[in-house]
$ cat entry-v9.tsv   # TSV, C-alpha atoms
chain	number	residue	atom	x	y	z
A	27	MET	CA	-84.87	-38.61	2.26
A	28	VAL	CA	-85.74	-42.29	2.64
A	29	ASP	CA	-85.22	-44.55	-0.36
A	30	THR	CA	-88.32	-46.73	-0.55
A	31	LYS	CA	-86.48	-49.44	-2.53
A	32	GLN	CA	-83.97	-49.86	0.27
A	33	VAL	CA	-86.71	-49.87	2.90
A	34	GLN	CA	-88.60	-52.54	0.94
A	35	LEU	CA	-85.39	-54.56	0.62
A	36	ILE	CA	-84.86	-54.40	4.39
A	37	ILE	CA	-88.48	-55.38	5.09
A	38	ARG	CA	-88.23	-58.33	2.69
A	39	ALA	CA	-84.99	-59.50	4.28
A	40	GLN	CA	-86.54	-59.21	7.75
A	41	SER	CA	-89.46	-61.36	6.62
A	42	GLY	CA	-87.08	-64.11	5.49
A	43	ASP	CA	-86.49	-63.39	1.80
A	44	GLU	CA	-83.08	-64.95	1.12
A	45	GLN	CA	-82.50	-62.99	-2.10
A	46	ALA	CA	-83.12	-59.68	-0.32
A	47	PHE	CA	-80.75	-60.76	2.45
A	48	GLU	CA	-78.05	-61.60	-0.15
A	49	GLN	CA	-78.50	-58.23	-1.86
A	50	ILE	CA	-78.06	-56.42	1.46
A	51	PHE	CA	-75.06	-58.53	2.37
A	52	MET	CA	-73.41	-57.83	-0.99
A	53	GLN	CA	-73.86	-54.08	-0.41
A	54	PHE	CA	-71.91	-54.44	2.84
A	55	GLU	CA	-69.11	-56.51	1.30
A	56	GLY	CA	-66.65	-53.60	1.50
A	57	LEU	CA	-67.38	-53.09	5.20
A	58	VAL	CA	-67.06	-56.82	5.89
A	59	TRP	CA	-63.59	-57.05	4.38
A	60	LYS	CA	-62.48	-53.73	5.85
A	61	MET	CA	-63.35	-55.05	9.31
A	62	TYR	CA	-61.56	-58.31	8.48
A	63	SER	CA	-58.36	-56.52	7.52
A	64	GLN	CA	-58.37	-54.48	10.75
A	65	GLN	CA	-58.46	-57.52	13.03
A	66	ARG	CA	-55.48	-58.84	14.90
A	67	VAL	CA	-57.03	-62.25	15.34
A	68	ARG	CA	-58.20	-63.32	11.93
A	69	PRO	CA	-60.36	-66.35	11.35
A	70	GLN	CA	-60.37	-68.00	7.96
A	71	PRO	CA	-61.95	-65.72	5.30
A	72	ASN	CA	-64.87	-68.10	4.73
A	73	ASP	CA	-65.49	-68.32	8.48
A	74	TRP	CA	-65.40	-64.53	8.78
A	75	GLN	CA	-67.87	-64.15	5.92
A	76	GLN	CA	-70.22	-66.62	7.61
A	77	GLU	CA	-69.84	-64.81	10.94
A	78	CYS	CA	-70.76	-61.55	9.20
A	79	ARG	CA	-73.86	-63.17	7.72
A	80	VAL	CA	-74.95	-64.25	11.19
A	81	VAL	CA	-74.32	-60.75	12.56
A	82	LEU	CA	-76.33	-59.21	9.70
A	83	HIS	CA	-79.18	-61.63	10.35
A	84	LYS	CA	-79.25	-60.66	14.04
A	85	THR	CA	-79.01	-56.97	13.16
A	86	LEU	CA	-81.92	-57.22	10.74
A	87	ARG	CA	-83.97	-59.14	13.28
A	88	LEU	CA	-83.46	-56.44	15.94
A	89	LEU	CA	-83.70	-53.43	13.61
A	90	ARG	CA	-86.79	-51.30	14.29
A	91	ASN	CA	-85.93	-48.22	12.21
A	92	GLN	CA	-86.02	-49.67	8.72
A	93	THR	CA	-83.80	-47.13	7.01
A	94	TRP	CA	-80.53	-47.85	5.28
A	95	ALA	CA	-78.64	-45.42	7.50
A	96	ALA	CA	-79.86	-47.14	10.68
A	97	LEU	CA	-79.00	-50.56	9.27
A	98	THR	CA	-75.51	-49.39	8.29
A	99	ILE	CA	-74.78	-47.90	11.71
A	100	TYR	CA	-76.13	-50.87	13.67
A	101	TYR	CA	-74.44	-53.42	11.44
A	102	GLN	CA	-71.06	-51.69	11.70
A	103	ARG	CA	-71.35	-51.51	15.49
A	104	SER	CA	-72.45	-55.13	15.64
A	105	LEU	CA	-69.44	-56.19	13.60
A	106	GLN	CA	-67.10	-54.23	15.85
A	107	THR	CA	-68.62	-55.88	18.91
A	108	HIS	CA	-68.36	-59.26	17.23
A	109	VAL	CA	-64.65	-58.72	16.51
A	110	VAL	CA	-64.10	-58.06	20.22
A	111	GLN	CA	-66.04	-61.21	21.09
A	112	ILE	CA	-63.92	-63.27	18.69
A	113	TRP	CA	-60.79	-61.84	20.30
A	114	ARG	CA	-62.06	-62.67	23.80
A	115	ASN	CA	-62.93	-66.21	22.78
A	116	GLU	CA	-59.51	-66.68	21.20
A	117	TYR	CA	-57.66	-65.62	24.35
A	118	ARG	CA	-60.00	-67.07	26.94
A	119	VAL	CA	-58.10	-68.98	29.59
A	120	PHE	CA	-59.73	-72.18	30.74
A	121	ASP	CA	-59.13	-74.16	33.90
A	122	VAL	CA	-57.51	-71.47	36.02
A	123	GLN	CA	-56.03	-73.04	39.12
A	124	VAL	CA	-56.44	-70.89	42.22
A	125	PRO	CA	-54.11	-71.83	45.07
A	126	ILE	CA	-55.72	-72.64	48.38
A	127	LEU	CA	-54.83	-70.08	51.04
A	128	LYS	CA	-53.12	-71.38	54.13
A	129	GLU	CA	-54.25	-70.37	57.59
A	130	THR	CA	-50.81	-68.91	58.30
A	131	ILE	CA	-51.40	-66.01	55.93
A	132	ALA	CA	-52.12	-62.78	57.79
A	133	PRO	CA	-55.69	-61.57	57.25
A	134	TYR	CA	-56.25	-58.22	55.62
A	135	ASP	CA	-58.36	-55.89	57.70
A	136	ALA	CA	-60.27	-53.60	55.35
A	137	LYS	CA	-61.70	-51.47	58.17
A	138	GLN	CA	-58.25	-50.33	59.27
A	139	SER	CA	-57.23	-49.20	55.81
A	140	ILE	CA	-60.50	-47.33	55.26
A	141	VAL	CA	-60.19	-45.51	58.59
A	142	LYS	CA	-56.58	-44.59	57.71
A	143	TYR	CA	-57.65	-42.76	54.52
A	144	GLU	CA	-60.97	-41.35	55.73
A	145	PRO	CA	-59.67	-37.82	56.52
A	146	MET	CA	-58.00	-37.63	53.10
A	147	ILE	CA	-61.19	-38.80	51.36
A	148	ASN	CA	-63.25	-36.17	53.16
A	149	GLU	CA	-60.72	-33.48	52.24
A	150	TRP	CA	-60.81	-34.51	48.57
A	151	LEU	CA	-64.60	-34.63	48.55
A	152	THR	CA	-64.73	-31.11	49.98
A	153	THR	CA	-62.25	-29.90	47.35
A	154	ILE	CA	-64.25	-31.47	44.52
A	155	ILE	CA	-67.55	-29.98	45.76
A	156	GLU	CA	-66.00	-26.54	46.14
A	157	TRP	CA	-64.49	-26.80	42.67
A	158	TYR	CA	-67.81	-27.92	41.15
A	159	LEU	CA	-69.69	-25.02	42.75
A	160	THR	CA	-67.22	-22.48	41.30
A	161	LEU	CA	-67.71	-23.68	37.72
A	162	PRO	CA	-69.58	-21.42	35.29
A	163	GLY	CA	-72.96	-22.72	34.05
A	164	LYS	CA	-71.94	-24.56	30.88
A	165	GLU	CA	-68.84	-26.06	32.50
A	166	ARG	CA	-70.97	-27.31	35.38
A	167	GLU	CA	-73.39	-28.87	32.87
A	168	LEU	CA	-70.44	-30.52	31.11
A	169	ALA	CA	-69.08	-31.90	34.38
A	170	TYR	CA	-72.51	-33.25	35.30
A	171	LEU	CA	-72.93	-34.98	31.92
A	172	LEU	CA	-69.45	-36.49	32.03
A	173	MET	CA	-70.13	-37.82	35.53
A	174	GLN	CA	-73.27	-39.47	34.15
A	175	GLY	CA	-71.18	-41.30	31.57
A	176	TYR	CA	-71.74	-39.19	28.47
A	177	GLY	CA	-68.86	-38.95	26.03
A	178	ILE	CA	-67.41	-35.59	25.01
A	179	ALA	CA	-69.21	-35.59	21.64
A	180	GLU	CA	-72.59	-36.41	23.23
A	181	ALA	CA	-72.15	-33.86	26.00
A	182	ALA	CA	-71.16	-31.19	23.47
A	183	LYS	CA	-74.41	-31.74	21.58
A	184	VAL	CA	-76.50	-31.60	24.73
A	185	ILE	CA	-75.00	-28.32	25.99
A	186	LYS	CA	-74.71	-26.90	22.46
A	187	ARG	CA	-70.95	-26.35	22.52
A	188	SER	CA	-68.20	-27.56	20.21
A	189	ARG	CA	-66.23	-30.68	21.00
A	190	SER	CA	-63.02	-28.65	20.99
A	191	TRP	CA	-64.49	-26.37	23.67
A	192	CYS	CA	-65.36	-29.42	25.77
A	193	TYR	CA	-61.90	-30.93	25.31
A	194	GLY	CA	-60.35	-27.58	26.29
A	195	VAL	CA	-62.44	-27.39	29.44
A	196	ARG	CA	-61.57	-30.96	30.35
A	197	ARG	CA	-57.87	-30.15	29.85
A	198	LYS	CA	-58.26	-27.16	32.17
A	199	TRP	CA	-59.77	-29.48	34.79
A	200	GLN	CA	-56.90	-31.93	34.41
A	201	LEU	CA	-54.40	-29.14	35.06
A	202	PHE	CA	-56.40	-28.11	38.14
A	203	TYR	CA	-56.37	-31.72	39.36
A	204	HIS	CA	-52.61	-32.02	38.90
A	205	ASP	CA	-52.06	-28.75	40.78
A	206	GLU	CA	-54.16	-30.03	43.67
A	207	ILE	CA	-52.19	-33.28	43.80
A	208	ARG	CA	-48.90	-31.33	43.93
A	209	LYS	CA	-50.23	-29.32	46.89
A	210	HIS	CA	-50.86	-32.49	48.86

$ encode --input "entry-v9.tsv" --output "structure tokens"
Amino acid sequence: MVDTKQVQLIIRAQSGDEQAFEQIFMQFEGLVWKMYSQQRVRPQPNDWQQECRVVLHKTLRLLRNQTWAALTIYYQRSLQTHVVQIWRNEYRVFDVQVPILKETIAPYDAKQSIVKYEPMINEWLTTIIEWYLTLPGKERELAYLLMQGYGIAEAAKVIKRSRSWCYGVRRKWQLFYHDEIRKH
């Protein structure tokens, strides 16, 4: 059920109403300080609060689904991403000096090393294909989704299985993989 007051508040804030923006920001005050307390690199509290205002402004500007739930999810994710960005900026290394290579250094021939491992790669590829073809239907679907980059929770929803089932299947695959490595 969508609360029309909250939707109107979001719409007003998106159109530039400063009071609506402040009301929304005050509702997220708990989240803002929770995220602040979880950081390793902590800016000054006033700076963090200002950063969170900027993130909320960007989130509101990009928000298409004008529901409170969507705003909450997107704002929380945006804050998490922003924390990572602050951390990266804090530890960024400037002016990295790369030594100039001398001509006396032996060149590395990539073709030789690829040719050396080619039979092993073909053997592994054959093993993986044979393994994939022996999987039951739902396990094969799970493997396909994981190869596409889905997470366990997303894949579980798509194939209509529980996350614990998916984790169990993945664990079974890991044991298979370790057994194959021991054989070789």

$ closest_residue --input "entry-v9.tsv" --among "A:Glu180, A:Glu77, A:Glu165, A:Glu48" --to "Ile36 in chain A" --atoms "all atoms listed in the file"
A:Glu48

$ closest_residue --input "entry-v9.tsv" --among "A:Leu105, A:Gln200, A:Lys209, A:Pro162" --to "Phe54 in chain A" --atoms "only C-alpha atoms"
A:Leu105

$ atom_distance --input "entry-v9.tsv" --atom1 "CA of Trp94 in chain A" --atom2 "CA of Val33 in chain A"
6.9 Å

$ atom_distance --input "entry-v9.tsv" --atom1 "CA of Leu172 in chain A" --atom2 "CA of Glu206 in chain A"
20.3 Å

$ atom_distance --input "entry-v9.tsv" --atom1 "CA of Lys84 in chain A" --atom2 "CA of Met52 in chain A"
16.4 Å

$ residues_around --input "entry-v9.tsv" --residues "range 97-101 of chain A" --least-positions-apart "6" --cutoff "12 Å" --atoms "only C-alpha atoms" --output "ChimeraX atom specification"
/A:32-33,35-37,39-40,50-51,53-58,61,78-91,107-108

$ closest_residue --input "entry-v9.tsv" --among "A:Thr153, A:Ser188, A:Gln65, A:Thr93" --to "Gln106 in chain A" --atoms "all atoms listed in the file"
A:Gln65
